[in-house]
Amino acid sequence: MNRKKILMALGGTEELTSIGGFIRDRGFEVLTADDGAAVIEIALNEKPSLIVVELGLPVIDGERVFQILRNNPHTTDIPFIFIGSEDRDIKGFRREIDTLLIQPIKGEEILRRINIAFAGQEGLKTQIGDKEIEGRLSHISLGDLLQILHLNRKEGVLKVSYEDKEGLIYIKGGTIYNAAINNMEKEKALFRLLTWHDGKFEFSPKPIDIPQKIQGSAGNLLMEGMRQFDEWNKAKEQLPQPDSRLKLKVDISTLPKGLKPIIYEVLFLIEYYPTVRDLVDHCTFPDYEVYQTLAGLIRKGVLEGIKGKAIEEKRSRAIMEVLTSGQALKVREKVAARWKDMETATFGKIFVLATSDDLIISLVDSCKDIPGFSVNRQFITSPIHRENPIGDVATLRLYGGMEIVLFTIPLNTKMKPLWKAFSKNIIGMIVLCDIEGIKNLQQLSLCKNYVTSIRRTPVVYGMVSAQDIDAKQEEEFRKTMEMKRDERIVVLEQMNNKRVSQFFNTFFNYLLRDEYISG
């Protein structure tokens, strides 16, 4: 009997009981959850083989649950079946693994998708191996090949490889449903694939069971992709060069409202990816449109080039203020010596507890120039993710390969089961408060004390204030947070690279104390 675990979280109790019972009767072990927080807790503790989740779950919605579990190394490979009221884009959706079903839905259909998911884990390689068409792009262009597949109303996956790169195009009834190059997808990936004029291709017939993310006829898409490539070739000398670096010349807040979405995305990404090639890769819009937008913003004086090695020098100064290579190696040694479960771990978490989401955003934004520091892409481009940060928001990669993950958790006591579930691999905490947030210190203290009762870790306290905090405010903070007298409060007038580097320096100094490690 198949005893694979299926974790199910549907909106209605009656529906959950009915469908859960149907799946259980077919030989599966069924785990159930009432809300998103419970899904995360059960998934981390039980490691289910597959998760069926409704997108409109209470507490934490289904899409956010998916993103949190995808970013956890212990649950990243679990297939998801999403239940929604309408077709929609789901960030991180894996075309070969995950499924979206539209309500109303029956137990029989969910069972069929479960069986397909498990069969696909073993059978997908076999299906891909049955190649109907294969050849080289030097003999037939990708555009002509797609036209042939369109005219013959083919269904399957077209794999294109060039040097060390690989792309996939999903076709159903001759219609282009989606294209992907690693994390890049939709028209951006399709148009970039059309610029590959050498390499290999192979078309594998197989059922396409993914949402259609590219709209428009194959002919129009191919014409637009080739038009953009031709336009880029003609204008490339007047466009920013891929290796050039750019920076903002004006305050974004002074720009007029109602700008095109691509402008907002470019202006935000430039803070994290000043090199043009990196920015173009991370922007969701097609390459030529991004280059055009950058050129326009430079002409209007919104962006300007960075000369010489300013970025490298700036980042070099930043890393010296955080950790030397010797200290980074010592951090790994001390962490492994202090906690047995960290002996073979490649990453450690620092919980970031804050009285407001703005403090978390300011912390992360101020770290962007530190070498080895990378921000979760959804945190950069998704307003919803920035307004409600939960899970990993950024990673600091230390010399020697260890990664320090900045991980935010909700202070709401209803989320308390998650505090313990997320505490695996925790090596420390950062506690942030501003003057306005002093009234919420009790929640902050409750969360901090609960986590430290599970695992004793160093805690760094930060108070963000435009002026020195007075004795009364400091005493209230210390008393509520149950701080020891020798623990200091780092007062941050404002978040910036220098201040944040000092903040991390304080944390790592605590971590490296021999008396702490051996305690």
# chains A, B, ... in the order shown; residues from 1 in each chain; ligands from 1
$ residues_around --residues "region 144-154 of chain A" --least-positions-apart "6" --cutoff "10 Å" --atoms "only C-alpha atoms" --output "list in words"
Ile133, Leu137, Ile169, Ile171, Lys172, Gly173, Gly174, Thr175, Ile176, Phe201, Phe203, Ser204, Pro205, Lys206, Ser217, Ala218, Gly219 and Leu222 of chain A
$ residues_around --residues "Ser465 (chain A)" --least-positions-apart "3" --cutoff "12 Å" --atoms "only C-alpha atoms" --output "list in words"
Leu359, Leu432, Cys433, Asp434, Ile435, Glu436, Gly437, Ile438, Gly462, Asp468, Ile469, Asp470, Gln473, Glu474, Ile489, Val490, Val491, Leu492, Glu493, Gln494 and Met495 of chain A
$ write_last_selection --atoms "C-alpha atoms" --output "JSON list (two decimals), in the first residue's frame"
[["chain", "number", "residue", "atom", "x", "y", "z"],
["A", 359, "LEU", "CA", 12.78, 48.65, 9.94],
["A", 432, "LEU", "CA", 15.08, 46.26, 16.07],
["A", 433, "CYS", "CA", 12.86, 48.94, 17.56],
["A", 434, "ASP", "CA", 12.16, 52.61, 16.90],
["A", 435, "ILE", "CA", 10.65, 55.22, 19.23],
["A", 436, "GLU", "CA", 7.18, 54.61, 17.81],
["A", 437, "GLY", "CA", 7.56, 50.88, 18.38],
["A", 438, "ILE", "CA", 8.32, 51.06, 22.10],
["A", 462, "GLY", "CA", 19.14, 48.08, 17.90],
["A", 468, "ASP", "CA", 19.94, 59.80, 21.47],
["A", 469, "ILE", "CA", 17.41, 57.83, 23.48],
["A", 470, "ASP", "CA", 16.89, 59.19, 26.98],
["A", 473, "GLN", "CA", 13.40, 55.04, 27.24],
["A", 474, "GLU", "CA", 16.54, 52.95, 27.59],
["A", 489, "ILE", "CA", 21.89, 48.81, 22.74],
["A", 490, "VAL", "CA", 23.20, 49.94, 19.37],
["A", 491, "VAL", "CA", 21.61, 53.32, 18.63],
["A", 492, "LEU", "CA", 21.16, 53.87, 14.91],
["A", 493, "GLU", "CA", 20.37, 57.45, 13.92],
["A", 494, "GLN", "CA", 19.58, 56.10, 10.49],
["A", 495, "MET", "CA", 20.17, 52.91, 8.58]]
$ closest_residue --among "A:Pro261, A:Gly225, A:Gly84, A:Pro240" --to "Leu10 (chain A)" --atoms "only C-alpha atoms"
A:Gly84
$ atom_distance --atom1 "CA of Arg245 (chain A)" --atom2 "CA of Asp287 (chain A)"
16.5 Å
$ closest_residue --among "A:Ser85, A:Gly11, A:Phe407, A:Arg24" --to "Thr395 (chain A)" --atoms "only C-alpha atoms"
A:Phe407
$ select_by_dssp --residues "region 291-374 of chain A" --states "strand (DSSP E or B)" --output "ChimeraX atom specification"
/A:303-305,347-354,373-374
$ write_last_selection --atoms "N, CA and C atoms" --output "PDB file, in the first residue's frame"
ATOM      1  N   LEU A 303      19.388  58.630 -14.272  1.00  0.00           N
ATOM      2  CA  LEU A 303      20.497  57.718 -14.016  1.00  0.00           C
ATOM      3  C   LEU A 303      21.782  58.291 -14.583  1.00  0.00           C
ATOM      4  N   GLU A 304      22.902  57.878 -14.012  1.00  0.00           N
ATOM      5  CA  GLU A 304      24.196  58.268 -14.554  1.00  0.00           C
ATOM      6  C   GLU A 304      25.178  57.116 -14.378  1.00  0.00           C
ATOM      7  N   GLY A 305      26.241  57.139 -15.191  1.00  0.00           N
ATOM      8  CA  GLY A 305      27.226  56.083 -15.123  1.00  0.00           C
ATOM      9  C   GLY A 305      28.154  56.227 -13.940  1.00  0.00           C
ATOM     10  N   PHE A 347      24.508  26.609   6.251  1.00  0.00           N
ATOM     11  CA  PHE A 347      23.919  27.924   6.477  1.00  0.00           C
ATOM     12  C   PHE A 347      23.406  28.022   7.914  1.00  0.00           C
ATOM     13  N   GLY A 348      23.326  29.243   8.399  1.00  0.00           N
ATOM     14  CA  GLY A 348      22.752  29.516   9.705  1.00  0.00           C
ATOM     15  C   GLY A 348      21.794  30.690   9.586  1.00  0.00           C
ATOM     16  N   LYS A 349      20.761  30.695  10.432  1.00  0.00           N
ATOM     17  CA  LYS A 349      19.765  31.765  10.369  1.00  0.00           C
ATOM     18  C   LYS A 349      20.003  32.798  11.459  1.00  0.00           C
ATOM     19  N   ILE A 350      19.812  34.045  11.119  1.00  0.00           N
ATOM     20  CA  ILE A 350      19.689  35.112  12.107  1.00  0.00           C
ATOM     21  C   ILE A 350      18.240  35.588  12.042  1.00  0.00           C
ATOM     22  N   PHE A 351      17.506  35.362  13.119  1.00  0.00           N
ATOM     23  CA  PHE A 351      16.142  35.880  13.171  1.00  0.00           C
ATOM     24  C   PHE A 351      16.189  37.400  13.275  1.00  0.00           C
ATOM     25  N   VAL A 352      15.379  38.075  12.473  1.00  0.00           N
ATOM     26  CA  VAL A 352      15.248  39.526  12.562  1.00  0.00           C
ATOM     27  C   VAL A 352      13.865  39.834  13.129  1.00  0.00           C
ATOM     28  N   LEU A 353      13.838  40.341  14.359  1.00  0.00           N
ATOM     29  CA  LEU A 353      12.591  40.720  15.010  1.00  0.00           C
ATOM     30  C   LEU A 353      12.501  42.236  15.023  1.00  0.00           C
ATOM     31  N   ALA A 354      11.413  42.784  14.548  1.00  0.00           N
ATOM     32  CA  ALA A 354      11.301  44.243  14.458  1.00  0.00           C
ATOM     33  C   ALA A 354       9.888  44.688  14.781  1.00  0.00           C
ATOM     34  N   PHE A 373      26.461  39.756  -0.032  1.00  0.00           N
ATOM     35  CA  PHE A 373      25.107  39.978   0.463  1.00  0.00           C
ATOM     36  C   PHE A 373      24.143  39.986  -0.723  1.00  0.00           C
ATOM     37  N   SER A 374      23.150  39.115  -0.694  1.00  0.00           N
ATOM     38  CA  SER A 374      22.151  39.071  -1.760  1.00  0.00           C
ATOM     39  C   SER A 374      20.767  39.106  -1.149  1.00  0.00           C
TER      40      SER A 374
END
$ closest_residue --among "A:Leu511, A:Val59, A:Met184, A:Ile360" --to "Lys330 (chain A)" --atoms "only C-alpha atoms"
A:Leu511
$ residues_around --residues "Gln103 (chain A)" --least-positions-apart "6" --cutoff "12 Å" --atoms "only C-alpha atoms" --output "ChimeraX atom specification"
/A:10-11,15,54-56,82-87,109-110
$ write_last_selection --atoms "N, CA and C atoms" --output "PDB file, in the first residue's frame"
ATOM      1  N   LEU A  10      -7.426  22.992   2.780  1.00  0.00           N
ATOM      2  CA  LEU A  10      -8.496  23.589   1.983  1.00  0.00           C
ATOM      3  C   LEU A  10      -9.333  24.493   2.862  1.00  0.00           C
ATOM      4  N   GLY A  11      -9.996  25.475   2.249  1.00  0.00           N
ATOM      5  CA  GLY A  11     -10.699  26.507   3.013  1.00  0.00           C
ATOM      6  C   GLY A  11     -11.805  25.998   3.904  1.00  0.00           C
ATOM      7  N   GLU A  15     -15.218  20.351   3.129  1.00  0.00           N
ATOM      8  CA  GLU A  15     -14.505  19.969   1.906  1.00  0.00           C
ATOM      9  C   GLU A  15     -13.211  19.244   2.245  1.00  0.00           C
ATOM     10  N   GLU A  54      -4.994  25.419  -0.805  1.00  0.00           N
ATOM     11  CA  GLU A  54      -5.860  26.428  -1.406  1.00  0.00           C
ATOM     12  C   GLU A  54      -5.150  27.786  -1.350  1.00  0.00           C
ATOM     13  N   LEU A  55      -5.229  28.530  -2.445  1.00  0.00           N
ATOM     14  CA  LEU A  55      -4.508  29.815  -2.512  1.00  0.00           C
ATOM     15  C   LEU A  55      -5.048  30.824  -1.501  1.00  0.00           C
ATOM     16  N   GLY A  56      -6.345  30.748  -1.204  1.00  0.00           N
ATOM     17  CA  GLY A  56      -6.951  31.728  -0.299  1.00  0.00           C
ATOM     18  C   GLY A  56      -6.980  31.309   1.157  1.00  0.00           C
ATOM     19  N   PHE A  82      -2.047  23.468  -6.283  1.00  0.00           N
ATOM     20  CA  PHE A  82      -2.747  24.668  -5.832  1.00  0.00           C
ATOM     21  C   PHE A  82      -4.213  24.597  -6.257  1.00  0.00           C
ATOM     22  N   ILE A  83      -5.103  25.040  -5.387  1.00  0.00           N
ATOM     23  CA  ILE A  83      -6.523  25.138  -5.695  1.00  0.00           C
ATOM     24  C   ILE A  83      -6.889  26.620  -5.666  1.00  0.00           C
ATOM     25  N   GLY A  84      -7.412  27.142  -6.782  1.00  0.00           N
ATOM     26  CA  GLY A  84      -7.753  28.556  -6.848  1.00  0.00           C
ATOM     27  C   GLY A  84      -9.076  28.792  -7.544  1.00  0.00           C
ATOM     28  N   SER A  85      -9.610  29.993  -7.375  1.00  0.00           N
ATOM     29  CA  SER A  85     -10.893  30.334  -7.996  1.00  0.00           C
ATOM     30  C   SER A  85     -10.720  30.767  -9.441  1.00  0.00           C
ATOM     31  N   GLU A  86      -9.473  31.097  -9.835  1.00  0.00           N
ATOM     32  CA  GLU A  86      -9.212  31.523 -11.207  1.00  0.00           C
ATOM     33  C   GLU A  86      -7.748  31.271 -11.544  1.00  0.00           C
ATOM     34  N   ASP A  87      -7.441  31.303 -12.841  1.00  0.00           N
ATOM     35  CA  ASP A  87      -6.065  31.123 -13.293  1.00  0.00           C
ATOM     36  C   ASP A  87      -5.241  32.341 -12.859  1.00  0.00           C
ATOM     37  N   GLU A 109     -10.255  14.295  -9.240  1.00  0.00           N
ATOM     38  CA  GLU A 109      -9.296  15.091 -10.007  1.00  0.00           C
ATOM     39  C   GLU A 109      -8.015  15.318  -9.211  1.00  0.00           C
ATOM     40  N   ILE A 110      -8.168  15.592  -7.908  1.00  0.00           N
ATOM     41  CA  ILE A 110      -6.976  15.774  -7.070  1.00  0.00           C
ATOM     42  C   ILE A 110      -6.173  14.476  -7.011  1.00  0.00           C
TER      43      ILE A 110
END
$ atom_distance --atom1 "CA of Leu255 (chain A)" --atom2 "CA of Gly301 (chain A)"
11.5 Å
$ atom_distance --atom1 "CA of Glu202 (chain A)" --atom2 "CA of Asp77 (chain A)"
25.9 Å
$ select_by_dssp --residues "region 201-263 of chain A" --states "alpha helix (DSSP H)" --output "MDAnalysis selection string"
chainID A and resid 218:235 261:263
$ closest_residue --among "A:Lys340, A:Lys300, A:Arg227, A:Lys414" --to "Phe191 (chain A)" --atoms "only C-alpha atoms"
A:Arg227
$ decode --residues "region 76-117 of chain A" --atoms "N, CA and C atoms" --output "compact mmCIF listing (two decimals), in the first residue's frame"
# COMPACT_ATOMS: atom_id res chain seq x y z
N THR A 76 12.20 22.20 -0.12
CA THR A 76 12.24 22.88 -1.42
C THR A 76 11.76 22.01 -2.57
N ASP A 77 11.88 20.67 -2.46
CA ASP A 77 11.54 19.79 -3.57
C ASP A 77 10.12 19.23 -3.52
N ILE A 78 9.34 19.62 -2.52
CA ILE A 78 7.99 19.07 -2.38
C ILE A 78 7.07 19.61 -3.49
N PRO A 79 6.40 18.74 -4.25
CA PRO A 79 5.45 19.20 -5.28
C PRO A 79 4.22 19.83 -4.61
N PHE A 80 3.65 20.84 -5.27
CA PHE A 80 2.44 21.51 -4.78
C PHE A 80 1.31 21.35 -5.79
N ILE A 81 0.11 21.12 -5.29
CA ILE A 81 -1.10 21.23 -6.09
C ILE A 81 -1.89 22.41 -5.50
N PHE A 82 -2.05 23.47 -6.28
CA PHE A 82 -2.75 24.67 -5.83
C PHE A 82 -4.21 24.60 -6.26
N ILE A 83 -5.10 25.04 -5.39
CA ILE A 83 -6.52 25.14 -5.70
C ILE A 83 -6.89 26.62 -5.67
N GLY A 84 -7.41 27.14 -6.78
CA GLY A 84 -7.75 28.56 -6.85
C GLY A 84 -9.08 28.79 -7.54
N SER A 85 -9.61 29.99 -7.37
CA SER A 85 -10.89 30.33 -8.00
C SER A 85 -10.72 30.77 -9.44
N GLU A 86 -9.47 31.10 -9.83
CA GLU A 86 -9.21 31.52 -11.21
C GLU A 86 -7.75 31.27 -11.54
N ASP A 87 -7.44 31.30 -12.84
CA ASP A 87 -6.06 31.12 -13.29
C ASP A 87 -5.24 32.34 -12.86
N ARG A 88 -4.03 32.12 -12.38
CA ARG A 88 -3.19 33.24 -11.93
C ARG A 88 -1.73 32.83 -11.95
N ASP A 89 -0.86 33.82 -11.97
CA ASP A 89 0.57 33.57 -11.88
C ASP A 89 0.94 33.30 -10.43
N ILE A 90 1.77 32.31 -10.21
CA ILE A 90 2.27 31.98 -8.88
C ILE A 90 3.78 32.07 -8.94
N LYS A 91 4.36 32.99 -8.20
CA LYS A 91 5.80 33.20 -8.24
C LYS A 91 6.53 31.93 -7.81
N GLY A 92 7.48 31.49 -8.62
CA GLY A 92 8.24 30.30 -8.30
C GLY A 92 7.62 29.00 -8.79
N PHE A 93 6.45 29.10 -9.46
CA PHE A 93 5.74 27.92 -9.96
C PHE A 93 6.66 27.11 -10.87
N ARG A 94 6.79 25.82 -10.58
CA ARG A 94 7.67 24.94 -11.36
C ARG A 94 6.83 24.14 -12.34
N ARG A 95 7.03 24.44 -13.60
CA ARG A 95 6.14 23.90 -14.63
C ARG A 95 6.11 22.38 -14.68
N GLU A 96 7.24 21.73 -14.36
CA GLU A 96 7.30 20.27 -14.46
C GLU A 96 6.89 19.58 -13.16
N ILE A 97 6.64 20.38 -12.11
CA ILE A 97 6.42 19.77 -10.79
C ILE A 97 5.06 20.14 -10.21
N ASP A 98 4.71 21.44 -10.27
CA ASP A 98 3.51 21.93 -9.58
C ASP A 98 2.31 21.99 -10.52
N THR A 99 1.10 22.05 -9.92
CA THR A 99 -0.15 22.06 -10.68
C THR A 99 -1.09 23.09 -10.08
N LEU A 100 -1.85 23.78 -10.95
CA LEU A 100 -2.89 24.69 -10.49
C LEU A 100 -4.23 24.18 -10.99
N LEU A 101 -5.17 23.92 -10.07
CA LEU A 101 -6.52 23.46 -10.42
C LEU A 101 -7.52 24.57 -10.09
N ILE A 102 -8.51 24.73 -10.95
CA ILE A 102 -9.52 25.78 -10.77
C ILE A 102 -10.78 25.18 -10.16
N GLN A 103 -11.29 25.84 -9.12
CA GLN A 103 -12.50 25.40 -8.45
C GLN A 103 -13.72 25.53 -9.39
N PRO A 104 -14.77 24.71 -9.20
CA PRO A 104 -14.88 23.65 -8.19
C PRO A 104 -14.05 22.43 -8.59
N ILE A 105 -13.64 21.69 -7.60
CA ILE A 105 -12.75 20.55 -7.85
C ILE A 105 -13.25 19.34 -7.07
N LYS A 106 -13.06 18.15 -7.63
CA LYS A 106 -13.49 16.92 -6.98
C LYS A 106 -12.29 16.10 -6.52
N GLY A 107 -12.56 15.19 -5.60
CA GLY A 107 -11.50 14.34 -5.07
C GLY A 107 -10.83 13.51 -6.14
N GLU A 108 -11.64 13.06 -7.14
CA GLU A 108 -11.08 12.24 -8.22
C GLU A 108 -10.01 13.00 -9.00
N GLU A 109 -10.25 14.29 -9.24
CA GLU A 109 -9.30 15.09 -10.01
C GLU A 109 -8.02 15.32 -9.21
N ILE A 110 -8.17 15.59 -7.91
CA ILE A 110 -6.98 15.77 -7.07
C ILE A 110 -6.17 14.48 -7.01
N LEU A 111 -6.87 13.34 -6.87
CA LEU A 111 -6.18 12.05 -6.85
C LEU A 111 -5.41 11.82 -8.16
N ARG A 112 -6.04 12.17 -9.28
CA ARG A 112 -5.38 11.99 -10.58
C ARG A 112 -4.11 12.83 -10.64
N ARG A 113 -4.17 14.09 -10.15
CA ARG A 113 -3.01 14.97 -10.19
C ARG A 113 -1.92 14.48 -9.23
N ILE A 114 -2.33 13.92 -8.11
CA ILE A 114 -1.35 13.36 -7.17
C ILE A 114 -0.58 12.22 -7.83
N ASN A 115 -1.32 11.33 -8.47
CA ASN A 115 -0.69 10.19 -9.14
C ASN A 115 0.23 10.64 -10.28
N ILE A 116 -0.20 11.67 -11.02
CA ILE A 116 0.63 12.21 -12.10
C ILE A 116 1.92 12.79 -11.53
N ALA A 117 1.79 13.52 -10.40
CA ALA A 117 2.98 14.15 -9.79
C ALA A 117 4.00 13.10 -9.37
